[in-house]
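First the structure, in the form of structure tokens, and then the observations on it.
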Amino acid sequence: MSEALEVRAELLRLSRLLRREPDELAYLAELPSVALRELREQVTAVLFDSHATVLGKLVAASRLLPVALVAQLGERIFGATLSARVAGRLDPERAVEMADRLPVPFLADVATELDPRRASDVIARIPPDRVAAVSRELTARGEFVTMGSFVSHLPPSSIAAAVEAMDAAAMLEVAIVLERKDRLPDVIALLEPGRVEEMIAFAADSNLAEEALGLLDYMSEAQRASVMRMLELRERRSA
Amino acid sequence: VAKDVRLAPLRDQLRAEPPAALSRLTGDQIRDLTVAVEEARHRQAEELEAAGEAAFALVPRLLRAPVRRMLR
């Protein structure tokens, strides 16, 4: 990802945490992305750990209640932000059961507020079809930065289900803002060659061509060679 | 390297040393960022308290006493 895109992604994550519009924090855009990331992680730690005692008690009390009721409380009373703060503290099995009962738009809301690193166990256990449904919703909202943060916490079966639910444009947008680029070869390996071609075609016709070419650096040698062959073929066809 | 004293209130809010690059910001910008973090923490505390109380209305009466005990 280019430094400018990296900065934009970090500003989006930070503004969401602070519940400010990204424009209100525009003065941070001159700072290096690495500093913004560090700042965002500090803010995340403060917000997720600030009320640790209360959140811990809430989770303990929730064990006395049926999962269906806890899910209902999450959606109707606590809302997406507080649910996201609590998610990583829940017993993973119960959290997955809850996710199964909650409407997809609410799960998408929670996903945008969640620090995936703090709920990795839960995210990894969510069934692939549910991941696909939430991916579809996030794609419709253009939440590519959120999706890019989740990829490294998903097992291959869920990544496969998610990419199946996305079109070439969304896949490229997510790949560009992927938080852990070292997972890119694993993601590409899950794609049918036809889907990679679709991404290349979209990249070539969009203003993301340069960013897309940057992704080659993170691919395996075989994947890079394969993409280069596709590019050559495309050029020959259009010549 | 001497610490930027202008970052002290932000350091208190973050409970950590802010990235050194933040020294490039103006005083007003640092203050705005500090207020944003402070407001986010306060808002979360208020929302947590309000949600905790509101949740009781949906908890079956039989379970309210044990739930309340867990929350003390």
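All residue names refer to the structure tokens as shown: chains lettered A, B, ... in order, residues numbered from 1 in each chain, ligands numbered from 1 in order.
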
task = Up to 7 Å from chain A, what residues of chain B turn up? Count only C-alpha atoms and give them as an NGL selection string.
result = :B and (14 or 18-19 or 21 or 36-37 or 40-41 or 51 or 54-55 or 67 or 70-71)

ask   = Please, which residues of range 54-130 of chain A, numbered as in this document, come out helix (DSSP H, G or I) from DSSP, as a PyMOL selection string?
value = chain A and resi 54-62+67-87+92-101+104-113+116-125+128-130

Name all residues at most 10 Å from Glu3 in chain A (count only C-alpha atoms; drop same-chain ones fewer than 2 positions away) and give them as a CSV table (one decimal) with all heavy atoms, in the first residue's frame.
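The new file around-v9.csv reads:
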```
chain,number,residue,atom,x,y,z
A,1,MET,N,0.9,-1.2,0.0
A,1,MET,CA,0.0,0.0,0.0
A,1,MET,C,0.9,1.2,0.0
A,1,MET,O,1.9,1.3,0.7
A,1,MET,CB,-0.9,0.0,1.3
A,1,MET,CG,-1.9,1.0,1.3
A,1,MET,SD,-3.0,1.0,2.7
A,1,MET,CE,-2.7,-0.4,3.7
A,5,LEU,N,-2.1,6.0,0.9
A,5,LEU,CA,-3.2,5.1,1.2
A,5,LEU,C,-3.2,4.6,2.7
A,5,LEU,O,-4.2,4.5,3.4
A,5,LEU,CB,-3.3,3.9,0.3
A,5,LEU,CG,-4.1,4.1,-1.0
A,5,LEU,CD1,-4.1,2.8,-1.8
A,5,LEU,CD2,-5.5,4.5,-0.7
A,6,GLU,N,-1.9,4.3,3.1
A,6,GLU,CA,-1.7,3.8,4.5
A,6,GLU,C,-2.2,4.9,5.5
A,6,GLU,O,-2.8,4.6,6.4
A,6,GLU,CB,-0.2,3.6,4.6
A,6,GLU,CG,0.2,2.7,5.8
A,6,GLU,CD,0.2,1.2,5.4
A,6,GLU,OE1,0.9,0.8,4.5
A,6,GLU,OE2,-0.5,0.5,6.0
A,7,VAL,N,-1.8,6.1,5.2
A,7,VAL,CA,-2.2,7.3,6.1
A,7,VAL,C,-3.7,7.4,6.1
A,7,VAL,O,-4.4,7.5,7.1
A,7,VAL,CB,-1.6,8.6,5.6
A,7,VAL,CG1,-2.2,9.8,6.2
A,7,VAL,CG2,-0.1,8.6,5.9
A,8,ARG,N,-4.3,7.3,4.9
A,8,ARG,CA,-5.8,7.4,4.8
A,8,ARG,C,-6.5,6.3,5.6
A,8,ARG,O,-7.5,6.6,6.3
A,8,ARG,CB,-6.2,7.4,3.3
A,8,ARG,CG,-7.5,8.2,3.1
A,8,ARG,CD,-7.8,8.2,1.6
A,8,ARG,NE,-8.2,6.9,1.1
A,8,ARG,CZ,-8.3,6.6,-0.2
A,8,ARG,NH1,-8.0,7.5,-1.1
A,8,ARG,NH2,-8.6,5.5,-0.6
A,9,ALA,N,-6.0,5.1,5.5
A,9,ALA,CA,-6.6,4.0,6.2
A,9,ALA,C,-6.4,4.2,7.7
A,9,ALA,O,-7.4,3.9,8.5
A,9,ALA,CB,-5.9,2.7,5.8
A,32,PRO,N,3.7,10.5,9.4
A,32,PRO,CA,3.9,9.2,8.8
A,32,PRO,C,2.9,8.2,9.3
A,32,PRO,O,2.5,8.2,10.4
A,32,PRO,CB,5.4,8.9,9.2
A,32,PRO,CG,5.7,9.8,10.3
A,32,PRO,CD,4.8,11.0,10.3
A,33,SER,N,2.6,7.2,8.4
A,33,SER,CA,1.6,6.2,8.8
A,33,SER,C,2.0,5.4,10.0
A,33,SER,O,1.2,5.0,10.7
A,33,SER,CB,1.3,5.3,7.6
A,33,SER,OG,2.5,4.6,7.2
A,34,VAL,N,3.3,5.2,10.1
A,34,VAL,CA,3.8,4.4,11.2
A,34,VAL,C,3.5,5.0,12.6
A,34,VAL,O,3.1,4.4,13.5
A,34,VAL,CB,5.3,4.0,11.1
A,34,VAL,CG1,6.2,5.3,11.1
A,34,VAL,CG2,5.8,3.0,12.1
```

message = Using only C-alpha atoms, which protein or nucleic acid residues come within 10 Å of Glu179 in chain A? Drop anything in the same chain fewer than 4 positions from it, and give the result as a ChimeraX atom specification.
response = /A:1,6,9,145-152,174-175,183-184

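Computed from the coordinates, the CA of Arg68 in chain B to CA of Arg94 in chain A distance equals 20.8 Å.
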
task = Find the residues around Thr26 in chain B up to 10 Å (only C-alpha atoms counted), leave out those fewer than 5 positions away in its own chain, and share them as a list in words.
result = Tyr27 of chain A; Arg6, Arg31 and Asp32 of chain B

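Distances from B:Val5, B:Ala57, B:Leu10, B:Leu62 to Leu33 in chain B were compared using only C-alpha atoms, and the smallest one belongs to B:Leu10.
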
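Contact shell of Ala111 in chain A at 9 Å (only C-alpha atoms; same-chain neighbours under 3 positions omitted): Ala80, Ala84, Phe106, Leu107, Ala108, Leu114, Asp115, Pro116, Val134, Leu138, Thr146, Met147 and Phe150 of chain A.
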
Selection from above, all heavy atoms, as a JSON list (two decimals), in the first residue's frame, can you write it?
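Result file follows (again.json):
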```
[["chain", "number", "residue", "atom", "x", "y", "z"],
["A", 80, "ALA", "N", -23.43, -1.38, 18.84],
["A", 80, "ALA", "CA", -22.27, -1.95, 18.15],
["A", 80, "ALA", "C", -20.94, -1.61, 18.84],
["A", 80, "ALA", "O", -20.08, -2.47, 18.97],
["A", 80, "ALA", "CB", -22.25, -1.48, 16.71],
["A", 84, "ALA", "N", -18.57, -4.33, 20.54],
["A", 84, "ALA", "CA", -17.23, -4.56, 20.01],
["A", 84, "ALA", "C", -16.18, -4.54, 21.13],
["A", 84, "ALA", "O", -15.21, -5.30, 21.10],
["A", 84, "ALA", "CB", -16.88, -3.50, 18.97],
["A", 106, "PHE", "N", -26.09, -5.62, 11.87],
["A", 106, "PHE", "CA", -25.54, -5.31, 13.19],
["A", 106, "PHE", "C", -24.12, -5.89, 13.32],
["A", 106, "PHE", "O", -23.22, -5.23, 13.84],
["A", 106, "PHE", "CB", -26.45, -5.84, 14.31],
["A", 106, "PHE", "CG", -25.93, -5.51, 15.69],
["A", 106, "PHE", "CD1", -26.02, -4.22, 16.19],
["A", 106, "PHE", "CD2", -25.33, -6.48, 16.48],
["A", 106, "PHE", "CE1", -25.53, -3.91, 17.46],
["A", 106, "PHE", "CE2", -24.84, -6.17, 17.74],
["A", 106, "PHE", "CZ", -24.94, -4.89, 18.24],
["A", 107, "LEU", "N", -23.94, -7.11, 12.83],
["A", 107, "LEU", "CA", -22.59, -7.71, 12.88],
["A", 107, "LEU", "C", -21.60, -6.87, 12.08],
["A", 107, "LEU", "O", -20.45, -6.72, 12.48],
["A", 107, "LEU", "CB", -22.63, -9.14, 12.32],
["A", 107, "LEU", "CG", -23.33, -10.18, 13.17],
["A", 107, "LEU", "CD1", -23.33, -11.53, 12.46],
["A", 107, "LEU", "CD2", -22.69, -10.32, 14.54],
["A", 108, "ALA", "N", -22.07, -6.32, 10.98],
["A", 108, "ALA", "CA", -21.20, -5.45, 10.17],
["A", 108, "ALA", "C", -20.85, -4.18, 10.95],
["A", 108, "ALA", "O", -19.71, -3.71, 10.93],
["A", 108, "ALA", "CB", -21.88, -5.11, 8.85],
["A", 114, "LEU", "N", -14.64, -3.03, 15.86],
["A", 114, "LEU", "CA", -13.84, -4.04, 16.55],
["A", 114, "LEU", "C", -12.35, -3.90, 16.28],
["A", 114, "LEU", "O", -11.96, -3.53, 15.17],
["A", 114, "LEU", "CB", -14.34, -5.41, 16.08],
["A", 114, "LEU", "CG", -13.92, -6.65, 16.86],
["A", 114, "LEU", "CD1", -14.50, -6.63, 18.28],
["A", 114, "LEU", "CD2", -14.39, -7.91, 16.15],
["A", 115, "ASP", "N", -11.54, -4.21, 17.29],
["A", 115, "ASP", "CA", -10.11, -4.40, 17.05],
["A", 115, "ASP", "C", -9.94, -5.91, 16.88],
["A", 115, "ASP", "O", -9.98, -6.64, 17.87],
["A", 115, "ASP", "CB", -9.30, -3.89, 18.25],
["A", 115, "ASP", "CG", -7.82, -4.16, 18.07],
["A", 115, "ASP", "OD1", -7.41, -4.57, 16.96],
["A", 115, "ASP", "OD2", -7.06, -3.97, 19.05],
["A", 116, "PRO", "N", -9.77, -6.37, 15.63],
["A", 116, "PRO", "CA", -9.76, -7.83, 15.40],
["A", 116, "PRO", "C", -8.74, -8.58, 16.24],
["A", 116, "PRO", "O", -8.95, -9.72, 16.61],
["A", 116, "PRO", "CB", -9.44, -7.96, 13.91],
["A", 116, "PRO", "CG", -9.71, -6.64, 13.31],
["A", 116, "PRO", "CD", -9.52, -5.63, 14.40],
["A", 134, "VAL", "N", -21.48, -11.25, 6.16],
["A", 134, "VAL", "CA", -20.98, -9.97, 6.69],
["A", 134, "VAL", "C", -20.07, -9.30, 5.65],
["A", 134, "VAL", "O", -20.13, -8.07, 5.47],
["A", 134, "VAL", "CB", -20.24, -10.18, 8.04],
["A", 134, "VAL", "CG1", -19.65, -8.86, 8.55],
["A", 134, "VAL", "CG2", -21.19, -10.75, 9.09],
["A", 138, "LEU", "N", -20.40, -5.58, 4.25],
["A", 138, "LEU", "CA", -19.30, -4.60, 4.34],
["A", 138, "LEU", "C", -18.89, -4.11, 2.95],
["A", 138, "LEU", "O", -18.55, -2.94, 2.77],
["A", 138, "LEU", "CB", -18.10, -5.21, 5.08],
["A", 138, "LEU", "CG", -18.31, -5.46, 6.59],
["A", 138, "LEU", "CD1", -17.15, -6.28, 7.16],
["A", 138, "LEU", "CD2", -18.44, -4.15, 7.36],
["A", 146, "THR", "N", -11.95, -1.93, 6.94],
["A", 146, "THR", "CA", -12.37, -2.87, 7.99],
["A", 146, "THR", "C", -12.07, -4.30, 7.54],
["A", 146, "THR", "O", -11.48, -5.08, 8.29],
["A", 146, "THR", "CB", -13.89, -2.72, 8.26],
["A", 146, "THR", "OG1", -14.13, -1.41, 8.76],
["A", 146, "THR", "CG2", -14.38, -3.74, 9.26],
["A", 147, "MET", "N", -12.46, -4.61, 6.32],
["A", 147, "MET", "CA", -12.25, -5.98, 5.83],
["A", 147, "MET", "C", -10.76, -6.32, 5.76],
["A", 147, "MET", "O", -10.36, -7.43, 6.10],
["A", 147, "MET", "CB", -12.90, -6.14, 4.45],
["A", 147, "MET", "CG", -14.41, -6.01, 4.52],
["A", 147, "MET", "SD", -15.16, -5.76, 2.92],
["A", 147, "MET", "CE", -15.37, -7.42, 2.38],
["A", 150, "PHE", "N", -9.39, -7.65, 8.97],
["A", 150, "PHE", "CA", -9.88, -8.94, 9.47],
["A", 150, "PHE", "C", -9.19, -10.15, 8.83],
["A", 150, "PHE", "O", -9.14, -11.22, 9.42],
["A", 150, "PHE", "CB", -11.39, -9.06, 9.22],
["A", 150, "PHE", "CG", -12.21, -8.48, 10.34],
["A", 150, "PHE", "CD1", -12.34, -7.11, 10.48],
["A", 150, "PHE", "CD2", -12.83, -9.30, 11.25],
["A", 150, "PHE", "CE1", -13.07, -6.57, 11.52],
["A", 150, "PHE", "CE2", -13.57, -8.77, 12.30],
["A", 150, "PHE", "CZ", -13.70, -7.40, 12.43]]
```

message = Show me, as a PyMOL selection string, the residues that have an atom within 9 Å of Leu7 in chain B when counting only C-alpha atoms, minus same-chain residues fewer than 6 positions from it.
response = chain B and resi 17-18+22-23+27+30-31+34

Export of the given selection (N, CA and C atoms) as a CSV table (one decimal), in the first residue's frame:
```csv
chain,number,residue,atom,x,y,z
B,17,GLU,N,3.5,6.9,26.1
B,17,GLU,CA,4.2,7.9,25.4
B,17,GLU,C,3.7,8.1,24.0
B,18,PRO,N,3.2,9.2,23.6
B,18,PRO,CA,2.7,9.4,22.2
B,18,PRO,C,3.8,9.3,21.3
B,22,LEU,N,4.3,13.3,16.7
B,22,LEU,CA,3.2,14.2,17.1
B,22,LEU,C,3.7,15.6,17.5
B,23,SER,N,5.0,15.7,17.7
B,23,SER,CA,5.6,17.0,18.1
B,23,SER,C,5.5,17.9,16.9
B,27,GLY,N,0.2,23.5,18.7
B,27,GLY,CA,-0.4,23.4,20.1
B,27,GLY,C,-1.9,23.1,20.0
B,30,ILE,N,-2.6,19.5,19.0
B,30,ILE,CA,-2.4,18.6,20.0
B,30,ILE,C,-3.5,18.6,21.1
B,31,ARG,N,-4.0,19.9,21.3
B,31,ARG,CA,-5.1,20.0,22.3
B,31,ARG,C,-6.3,19.3,21.8
B,34,THR,N,-6.1,15.7,22.1
B,34,THR,CA,-6.2,15.3,23.5
B,34,THR,C,-7.7,15.3,23.9
```

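Here CA of Arg13 in chain A is placed at a distance of 21.0 Å from CA of Leu208 in chain A.
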